[in-house]
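J.: Below is one structure. I have some questions about it.
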Amino acid sequence: MKLYNLLNGIEYTVLSGNTDIEIGNLVYDSRKVESGDVFVCLKGYNVDAHKFAQSAVDSGAAAVVLSDELDLKGVTVIKVDDTRKALAYLSANFFGHPAKELISIALTGTKGKTTTACMVQSILQAGGLKTGTIGTLGIVIGDTIYKTNNTTPESFEIQQALRKMVDEGCKAFVIEASSLGLKWHRTDAIDFDYGVFTNFSNDHIGDSEHATIEEYLDCKKLLFKQCKLGLINRDSKVFDSVAESASCKIETFGFDESCDVYAYGGELTRRPGFLGVSFKLGGYDSYEVNVGIPGKFNIYNALAAISVCRHCGVGREAIVKGLETVKVKGRVEPVHVSDNFTLLIDYAHNALSMENVLTTLRKYNPNRLITMFGAGGNRPKIRRYEMGEMSGKYSDLSVVTEDNSRFEDVMDIIADIEVGLAKTDGKYVVVPNRKDAIRYCIQNAQDGDIIVLAGKGHEDYQEIKGVKYHMDERELIAEILAEKE
């Protein structure tokens, strides 16, 4: 591809060389540059790639895109105001604007993005539309998961993933648009069909993220300047602010009858193999919905999913089926072992997340709530104390085991957890090996128990002394069940 074609839609100045040259690839890591590539100098919080521009040239870069003045010889130099924004358009041009070939859906908000993305995917696929997702769980296309470093990857990885989705027959995609992803222009160059706002709370405030909560919200609002239709939670305290700043058409969801899509009569539901919530739908249509994920707060996520999916050519049957069968890997994910008790895998790995999941499950009135968990090594000890205390407070039985011990001794970590447990009246046992701990939970389960395997969630590894070993709890459960046959 010619460089001038890559630069379509970008305001730029040619400082040296010319744009009538063939380009092999786009690269923003100087260590990966090969002959004929374009090197884009991205500025991050800790690293400024302008420092590595000469190294990229030495490795054979045909062109460098930068925003600062540099003295580079024998290479085409393109100056732009913002290299991150430029990378988004360069990437879209490089991969042929694949988003235009898909139904495009972006989700933003403090909580609920991952769950809502999975709900949307489940509904659309129940309606016959193969759907890819990009977010916390990675890039998911069919049964394949490609791991990513960020909830919202760099724009090049996004566009690359979208092209792969098109090539593999996807008709739609859902992306979790984080505040930092929007701030750093990672989703630029995509005119989304639908943008969804889940909720808003104080989070991600700090030097490397957002200076103030106002800036955090402003970054969330950016999505509604690059989509055609915005679906916004009417019950959010920042609804007016988000809606007033949007340049797209707005529709609403919530619990008020004035919303375009609303819920009423929410109830917790439990039966063999199913732990979830049900509600009645009002607004554009009226029917009952059963959601296969526990917690009444998931009614909001379901409403968000319904709000967008109703515009995507799928009907009531797909919505009902998609929400009833949805699973979110590592988020109160059910693994069927027996109809007599419920086994869940969850990512809860700190006191707050443990409190959230355990108080939610308490509302289902289990015979016993059993929590198996460990704590990460080389992390603040207070987290271990707090996790122990939280599990002791809300669990009928805590099964204390290993997690990512890293460079610490597992028994030292467990001893710290016991400090927190000692502040409560909660019963506990120590089973240091994680597979043995899972086996203990299954073998000692009683009718009506809810068992939570906390801490690993969607992770498929265990880190010990600097090495990541493969370990997927779903596989461990299958191995344990096979031992009984």
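A note on labels: chains of the structure tokens are A, B, ... as shown, every chain counts residues from 1, and ligands are counted from 1 in their shown order.
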Near segment 144-156 of chain A, counting only C-alpha atoms, which residues have an atom at most 6 Å away, once you skip same-chain residues fewer than 4 positions from it, shown as a list in words?
T.: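 In the requested form, the answer reads Ala88, Ser91, Gly135, Thr136, Gly138, Ile139, Val140, Ala177, Gly181 and Arg186 of chain A.
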J.: Taking 4 positions as the minimum chain separation for residues in the same chain, which residues sit within 9 Å of segment 240-255 of chain A when counting only C-alpha atoms? Answer as a PyMOL selection string.
T.: chain A and resi 197+217-218+220-236+259-264+283+299-300+303-304+307
J.: Enter the distance from atom CA of Gly322 of chain A to atom CA of Leu369 of chain A, in Å, rounded to one decimal.
T.: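 Between atom CA of Gly322 of chain A and atom CA of Leu369 of chain A the gap is 28.0 Å.
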J.: If we count only C-alpha atoms and set the cut-off at 7 Å, which residues sit around segment 286-295 of chain A, ignoring sequence neighbours fewer than 5 positions away in its own chain? Please answer as a list of chain:residue names.
T.: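 The contact residues come out as A:Phe274, A:Leu275, A:Gly276, A:Val277, A:Ser278, A:Phe279, A:Lys280, A:Leu281, A:Val320, A:Leu323, A:Glu324, A:Thr325, A:Val326, A:Thr360.
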J.: Restricting it to C-alpha atoms, dump the selection as a compact mmCIF listing (two decimals), in the first residue's frame.
T.:
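part_33.txt, freshly written:
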```
# COMPACT_ATOMS: atom_id res chain seq x y z
CA PHE A 274 -29.68 -21.93 36.99
CA LEU A 275 -28.94 -18.98 39.23
CA GLY A 276 -30.19 -15.70 37.87
CA VAL A 277 -32.79 -12.96 37.85
CA SER A 278 -36.09 -12.45 36.07
CA PHE A 279 -38.10 -9.35 35.20
CA LYS A 280 -40.87 -8.12 32.96
CA LEU A 281 -40.03 -5.90 30.02
CA VAL A 320 -35.07 -14.35 25.51
CA LEU A 323 -30.17 -13.76 28.02
CA GLU A 324 -31.25 -17.04 29.58
CA THR A 325 -28.18 -18.93 28.28
CA VAL A 326 -25.54 -16.17 28.57
CA THR A 360 -25.21 -11.03 46.00
```
J.: Tell me, as a compact mmCIF listing (two decimals) with N, CA and C atoms, in the first residue's frame, which residues lie within 12 Å of Tyr469 of chain A, counting only C-alpha atoms; anything in the same chain fewer than 3 positions away does not count.
T.:
```
# COMPACT_ATOMS: atom_id res chain seq x y z
N ASP A 403 -3.06 -18.97 45.15
CA ASP A 403 -3.43 -18.19 43.97
C ASP A 403 -2.14 -17.99 43.20
N ASN A 404 -1.88 -16.80 42.70
CA ASN A 404 -0.58 -16.50 42.07
C ASN A 404 0.41 -16.13 43.17
N SER A 405 1.13 -17.11 43.69
CA SER A 405 2.02 -16.85 44.82
C SER A 405 3.25 -16.05 44.42
N ARG A 406 3.55 -16.04 43.14
CA ARG A 406 4.71 -15.31 42.61
C ARG A 406 5.97 -15.72 43.36
N GLU A 459 -8.78 -16.19 34.10
CA GLU A 459 -7.35 -16.50 33.95
C GLU A 459 -7.14 -18.00 33.74
N ASP A 460 -6.16 -18.34 32.93
CA ASP A 460 -5.86 -19.74 32.67
C ASP A 460 -4.42 -20.08 33.02
N TYR A 461 -3.91 -19.40 34.04
CA TYR A 461 -2.53 -19.66 34.44
C TYR A 461 -2.38 -19.47 35.95
N GLN A 462 -1.25 -19.98 36.45
CA GLN A 462 -0.87 -19.74 37.83
C GLN A 462 0.60 -19.31 37.82
N GLU A 463 0.89 -18.19 38.45
CA GLU A 463 2.25 -17.65 38.43
C GLU A 463 3.00 -18.03 39.70
N ILE A 464 4.10 -18.74 39.52
CA ILE A 464 4.93 -19.19 40.64
C ILE A 464 6.40 -18.93 40.30
N LYS A 465 7.04 -18.15 41.15
CA LYS A 465 8.47 -17.84 41.00
C LYS A 465 8.83 -17.37 39.59
N GLY A 466 8.03 -16.45 39.09
CA GLY A 466 8.31 -15.83 37.80
C GLY A 466 7.89 -16.61 36.58
N ASP A 472 -6.38 -23.94 34.23
CA ASP A 472 -7.74 -23.48 34.00
C ASP A 472 -8.65 -24.24 34.95
```
J.: Within 12 Å of Ala348 of chain A, counting only C-alpha atoms, which residues show up once you throw out same-chain ones fewer than 2 positions away? Write them as a ChimeraX atom specification, please.
T.: /A:330-333,344-346,350-358,371-376,387,390-391,403,452-459
J.: Please dump the current selection as an mmCIF file, in the first residue's frame; keep N, CA and C atoms.
T.:
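Okay, this is what ended up in again-v6.cif:
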```cif
data_model
loop_
_atom_site.group_PDB
_atom_site.id
_atom_site.type_symbol
_atom_site.label_atom_id
_atom_site.label_comp_id
_atom_site.auth_asym_id
_atom_site.auth_seq_id
_atom_site.Cartn_x
_atom_site.Cartn_y
_atom_site.Cartn_z
ATOM 1 N N GLY A 330 -15.610 -16.374 33.911
ATOM 2 C CA GLY A 330 -14.957 -15.891 35.119
ATOM 3 C C GLY A 330 -15.737 -14.884 35.923
ATOM 4 N N ARG A 331 -16.973 -14.618 35.559
ATOM 5 C CA ARG A 331 -17.814 -13.690 36.317
ATOM 6 C C ARG A 331 -19.052 -14.458 36.785
ATOM 7 N N VAL A 332 -19.038 -14.898 38.051
ATOM 8 C CA VAL A 332 -20.080 -15.797 38.585
ATOM 9 C C VAL A 332 -20.507 -16.800 37.509
ATOM 10 N N GLU A 333 -19.507 -17.426 36.917
ATOM 11 C CA GLU A 333 -19.725 -18.381 35.818
ATOM 12 C C GLU A 333 -20.087 -19.749 36.373
ATOM 13 N N LEU A 344 -19.648 -22.093 41.141
ATOM 14 C CA LEU A 344 -19.400 -20.896 40.338
ATOM 15 C C LEU A 344 -17.913 -20.553 40.327
ATOM 16 N N ILE A 345 -17.444 -19.996 39.213
ATOM 17 C CA ILE A 345 -16.090 -19.469 39.108
ATOM 18 C C ILE A 345 -16.192 -17.951 38.986
ATOM 19 N N ASP A 346 -15.422 -17.232 39.822
ATOM 20 C CA ASP A 346 -15.500 -15.776 39.790
ATOM 21 C C ASP A 346 -14.115 -15.154 39.954
ATOM 22 N N ASN A 350 -10.154 -9.219 45.462
ATOM 23 C CA ASN A 350 -9.886 -8.250 46.521
ATOM 24 C C ASN A 350 -11.129 -8.170 47.401
ATOM 25 N N ALA A 351 -11.013 -7.418 48.493
ATOM 26 C CA ALA A 351 -12.098 -7.394 49.482
ATOM 27 C C ALA A 351 -13.401 -6.855 48.896
ATOM 28 N N LEU A 352 -13.315 -5.778 48.112
ATOM 29 C CA LEU A 352 -14.533 -5.167 47.574
ATOM 30 C C LEU A 352 -15.248 -6.109 46.622
ATOM 31 N N SER A 353 -14.493 -6.720 45.706
ATOM 32 C CA SER A 353 -15.138 -7.614 44.745
ATOM 33 C C SER A 353 -15.683 -8.863 45.445
ATOM 34 N N MET A 354 -14.986 -9.329 46.488
ATOM 35 C CA MET A 354 -15.501 -10.473 47.246
ATOM 36 C C MET A 354 -16.799 -10.106 47.965
ATOM 37 N N GLU A 355 -16.823 -8.924 48.561
ATOM 38 C CA GLU A 355 -18.037 -8.486 49.241
ATOM 39 C C GLU A 355 -19.208 -8.412 48.263
ATOM 40 N N ASN A 356 -18.949 -7.879 47.066
ATOM 41 C CA ASN A 356 -20.014 -7.741 46.071
ATOM 42 C C ASN A 356 -20.590 -9.094 45.682
ATOM 43 N N VAL A 357 -19.724 -10.053 45.375
ATOM 44 C CA VAL A 357 -20.228 -11.337 44.905
ATOM 45 C C VAL A 357 -20.859 -12.134 46.044
ATOM 46 N N LEU A 358 -20.269 -12.076 47.244
ATOM 47 C CA LEU A 358 -20.802 -12.876 48.345
ATOM 48 C C LEU A 358 -22.131 -12.322 48.865
ATOM 49 N N THR A 371 -16.728 -20.407 50.131
ATOM 50 C CA THR A 371 -15.827 -19.604 49.306
ATOM 51 C C THR A 371 -14.423 -20.185 49.349
ATOM 52 N N MET A 372 -13.925 -20.581 48.177
ATOM 53 C CA MET A 372 -12.550 -21.032 48.049
ATOM 54 C C MET A 372 -11.736 -19.898 47.443
ATOM 55 N N PHE A 373 -10.620 -19.547 48.073
ATOM 56 C CA PHE A 373 -9.832 -18.427 47.570
ATOM 57 C C PHE A 373 -8.417 -18.457 48.120
ATOM 58 N N GLY A 374 -7.545 -17.722 47.472
ATOM 59 C CA GLY A 374 -6.191 -17.470 47.960
ATOM 60 C C GLY A 374 -5.906 -16.000 47.776
ATOM 61 N N ALA A 375 -4.644 -15.618 47.740
ATOM 62 C CA ALA A 375 -4.281 -14.213 47.522
ATOM 63 C C ALA A 375 -2.953 -14.162 46.778
ATOM 64 N N GLY A 376 -2.761 -13.096 46.034
ATOM 65 C CA GLY A 376 -1.560 -12.953 45.224
ATOM 66 C C GLY A 376 -0.323 -12.628 46.047
ATOM 67 N N MET A 387 -9.365 -9.703 52.608
ATOM 68 C CA MET A 387 -10.061 -10.807 51.935
ATOM 69 C C MET A 387 -10.451 -11.890 52.933
ATOM 70 N N MET A 390 -13.384 -10.598 54.905
ATOM 71 C CA MET A 390 -14.610 -10.538 54.122
ATOM 72 C C MET A 390 -15.206 -11.925 53.916
ATOM 73 N N SER A 391 -14.365 -12.898 53.617
ATOM 74 C CA SER A 391 -14.869 -14.254 53.422
ATOM 75 C C SER A 391 -15.399 -14.820 54.731
ATOM 76 N N ASP A 403 -3.057 -18.966 45.149
ATOM 77 C CA ASP A 403 -3.431 -18.195 43.974
ATOM 78 C C ASP A 403 -2.136 -17.992 43.198
ATOM 79 N N VAL A 452 -18.265 -20.927 45.611
ATOM 80 C CA VAL A 452 -17.597 -19.953 44.751
ATOM 81 C C VAL A 452 -16.093 -20.224 44.741
ATOM 82 N N LEU A 453 -15.551 -20.460 43.566
ATOM 83 C CA LEU A 453 -14.102 -20.556 43.395
ATOM 84 C C LEU A 453 -13.639 -19.162 42.993
ATOM 85 N N ALA A 454 -13.071 -18.425 43.945
ATOM 86 C CA ALA A 454 -12.788 -17.006 43.726
ATOM 87 C C ALA A 454 -11.316 -16.757 43.414
ATOM 88 N N GLY A 455 -11.084 -15.738 42.608
ATOM 89 C CA GLY A 455 -9.723 -15.257 42.404
ATOM 90 C C GLY A 455 -9.148 -15.426 41.017
ATOM 91 N N LYS A 456 -9.454 -16.540 40.341
ATOM 92 C CA LYS A 456 -8.847 -16.778 39.030
ATOM 93 C C LYS A 456 -9.751 -16.302 37.898
ATOM 94 N N GLY A 457 -11.036 -16.596 37.999
ATOM 95 C CA GLY A 457 -11.967 -16.128 36.981
ATOM 96 C C GLY A 457 -11.611 -16.616 35.593
ATOM 97 N N HIS A 458 -11.383 -15.660 34.678
ATOM 98 C CA HIS A 458 -11.087 -16.012 33.285
ATOM 99 C C HIS A 458 -9.619 -16.379 33.080
ATOM 100 N N GLU A 459 -8.776 -16.186 34.098
ATOM 101 C CA GLU A 459 -7.352 -16.497 33.948
ATOM 102 C C GLU A 459 -7.139 -17.997 33.744
#
```
J.: Excluding Leu107 of chain A and residues on its chain fewer than 4 positions from it, collect all residues at most 7 Å away from it, counting only C-alpha atoms, and give them as a PyMOL selection string.
T.: chain A and resi 113+175-177+195-197
J.: With only C-alpha atoms as the basis for distance, which of A:Ser104, A:Gln125, A:Gln160, A:Asn340 is at the shortest distance from Asp193 of chain A?
T.: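 Once distances to Asp193 of chain A are computed over only C-alpha atoms, the minimum belongs to A:Ser104.
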J.: Need the shell around segment 28-37 of chain A: protein/DNA/RNA residues with any atom at most 6 Å away, counting only C-alpha atoms. Skip same-chain ones fewer than 3 positions apart. Format as a list in words?
T.: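 Those residues are Ile23, Gly24, Asn25, Val40, Ala56, Gly60, Ala61 and Ala62 of chain A.
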J.: With N, CA and C atoms retained, could you export that selection as a compact mmCIF listing (two decimals), in the first residue's frame?
T.:
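New file out.txt:
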```txt
# COMPACT_ATOMS: atom_id res chain seq x y z
N ILE A 23 4.49 0.69 1.52
CA ILE A 23 4.61 0.43 2.96
C ILE A 23 4.29 -1.03 3.25
N GLY A 24 5.11 -1.64 4.08
CA GLY A 24 4.88 -3.04 4.43
C GLY A 24 3.94 -3.24 5.61
N ASN A 25 4.14 -2.45 6.68
CA ASN A 25 3.35 -2.65 7.89
C ASN A 25 3.36 -1.38 8.73
N VAL A 40 5.25 4.62 14.05
CA VAL A 40 4.44 5.69 14.63
C VAL A 40 4.90 5.94 16.06
N ALA A 56 14.29 2.89 14.99
CA ALA A 56 13.37 2.36 13.98
C ALA A 56 13.92 2.59 12.58
N GLY A 60 15.30 -0.09 9.38
CA GLY A 60 14.75 -0.15 8.03
C GLY A 60 13.42 0.52 7.82
N ALA A 61 12.92 1.28 8.79
CA ALA A 61 11.64 1.97 8.62
C ALA A 61 11.68 2.86 7.38
N ALA A 62 10.63 2.79 6.57
CA ALA A 62 10.55 3.62 5.36
C ALA A 62 10.01 5.00 5.67
```
J.: Could you go through segment 237-352 of chain A and tell me which residues DSSP, when run on the backbone, assigns to strand (DSSP E or B), listing them as a PDB file with C-alpha atoms, in the first residue's frame?
T.:
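Output file part.pdb follows:
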```pdb
ATOM      1  CA  LYS A 249     -29.775  10.442  18.657  1.00  0.00           C
ATOM      2  CA  ILE A 250     -30.557   9.168  22.195  1.00  0.00           C
ATOM      3  CA  GLU A 251     -32.733   6.360  23.526  1.00  0.00           C
ATOM      4  CA  THR A 252     -33.068   5.344  27.174  1.00  0.00           C
ATOM      5  CA  PHE A 253     -33.390   2.283  29.389  1.00  0.00           C
ATOM      6  CA  GLY A 254     -34.049   1.917  33.126  1.00  0.00           C
ATOM      7  CA  VAL A 261     -36.997   0.078  27.303  1.00  0.00           C
ATOM      8  CA  TYR A 262     -37.800  -0.482  30.982  1.00  0.00           C
ATOM      9  CA  ALA A 263     -38.013  -3.271  33.547  1.00  0.00           C
ATOM     10  CA  TYR A 264     -40.409  -4.015  36.387  1.00  0.00           C
ATOM     11  CA  GLY A 265     -41.117  -6.902  38.758  1.00  0.00           C
ATOM     12  CA  GLY A 266     -37.489  -8.002  39.165  1.00  0.00           C
ATOM     13  CA  GLU A 267     -37.003 -11.243  41.134  1.00  0.00           C
ATOM     14  CA  LEU A 268     -34.105 -13.532  41.992  1.00  0.00           C
ATOM     15  CA  THR A 269     -34.501 -16.985  40.433  1.00  0.00           C
ATOM     16  CA  ARG A 270     -32.898 -20.272  41.375  1.00  0.00           C
ATOM     17  CA  ARG A 271     -33.417 -23.781  40.062  1.00  0.00           C
ATOM     18  CA  PHE A 274     -29.680 -21.934  36.992  1.00  0.00           C
ATOM     19  CA  LEU A 275     -28.938 -18.983  39.227  1.00  0.00           C
ATOM     20  CA  GLY A 276     -30.195 -15.698  37.870  1.00  0.00           C
ATOM     21  CA  VAL A 277     -32.789 -12.964  37.854  1.00  0.00           C
ATOM     22  CA  SER A 278     -36.086 -12.445  36.067  1.00  0.00           C
ATOM     23  CA  PHE A 279     -38.098  -9.347  35.197  1.00  0.00           C
ATOM     24  CA  LYS A 280     -40.874  -8.118  32.956  1.00  0.00           C
ATOM     25  CA  LEU A 281     -40.027  -5.896  30.020  1.00  0.00           C
ATOM     26  CA  GLY A 282     -41.906  -2.754  29.127  1.00  0.00           C
ATOM     27  CA  GLY A 283     -41.579  -0.023  26.539  1.00  0.00           C
ATOM     28  CA  TYR A 287     -42.608 -10.002  27.764  1.00  0.00           C
ATOM     29  CA  GLU A 288     -40.809 -11.818  30.592  1.00  0.00           C
ATOM     30  CA  VAL A 289     -37.019 -12.127  30.630  1.00  0.00           C
ATOM     31  CA  ASN A 290     -34.863 -14.609  32.540  1.00  0.00           C
ATOM     32  CA  VAL A 291     -31.177 -13.734  32.865  1.00  0.00           C
ATOM     33  CA  GLU A 333     -19.725 -18.381  35.818  1.00  0.00           C
ATOM     34  CA  PRO A 334     -21.648 -21.584  36.545  1.00  0.00           C
ATOM     35  CA  THR A 342     -24.223 -24.793  42.531  1.00  0.00           C
ATOM     36  CA  LEU A 343     -20.568 -24.287  41.606  1.00  0.00           C
ATOM     37  CA  LEU A 344     -19.400 -20.896  40.338  1.00  0.00           C
ATOM     38  CA  ILE A 345     -16.090 -19.469  39.108  1.00  0.00           C
ATOM     39  CA  ASP A 346     -15.500 -15.776  39.790  1.00  0.00           C
TER      40      ASP A 346
END
```
J.: Using DSSP on the backbone coordinates, identify the residues of segment 342-404 of chain A assigned to helix (DSSP H, G or I); present them as a list in words.
T.: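 DSSP on the backbone gives helix (DSSP H, G or I) at Ala351, Leu352, Ser353, Met354, Glu355, Asn356, Val357, Leu358, Thr359, Thr360, Leu361, Arg362, Lys381, Ile382, Arg383, Arg384, Tyr385, Glu386, Met387, Gly388, Glu389, Met390, Ser391, Gly392, Lys393 and Tyr394 of chain A.
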J.: So how far away is atom CA of Thr13 of chain A from atom CA of Val77 of chain A, in Å?
T.: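 Taking atom CA of Val77 of chain A and atom CA of Thr13 of chain A, their separation equals 8.5 Å.
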J.: Closest to His336 of chain A among A:Met1, A:Ile319, A:Ile105, A:Ile442, using only C-alpha atoms?
T.: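 So, comparing all the options, the nearest one is A:Ile442.
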J.: Using atom CA of Glu101 of chain A and atom CA of Lys183 of chain A as the two end points, give the distance in Å to one decimal.
T.: 25.1 Å
J.: Compare A:His470, A:Arg310, A:Arg434, A:Lys130 by their minimum atom-to-atom distance to Cys170 of chain A, counting only C-alpha atoms, and give me the closest one.
T.: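 Of A:His470, A:Arg310, A:Arg434, A:Lys130, the one nearest Cys170 of chain A, counting only C-alpha atoms, is A:Lys130.
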J.: Pick the closest to Val429 of chain A from A:Asp396, A:Glu168, A:Asp447, A:Glu157: which is it, counting only C-alpha atoms?
T.: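 Between A:Asp396, A:Glu168, A:Asp447, A:Glu157, the residue approaching Val429 of chain A most closely is A:Asp396.
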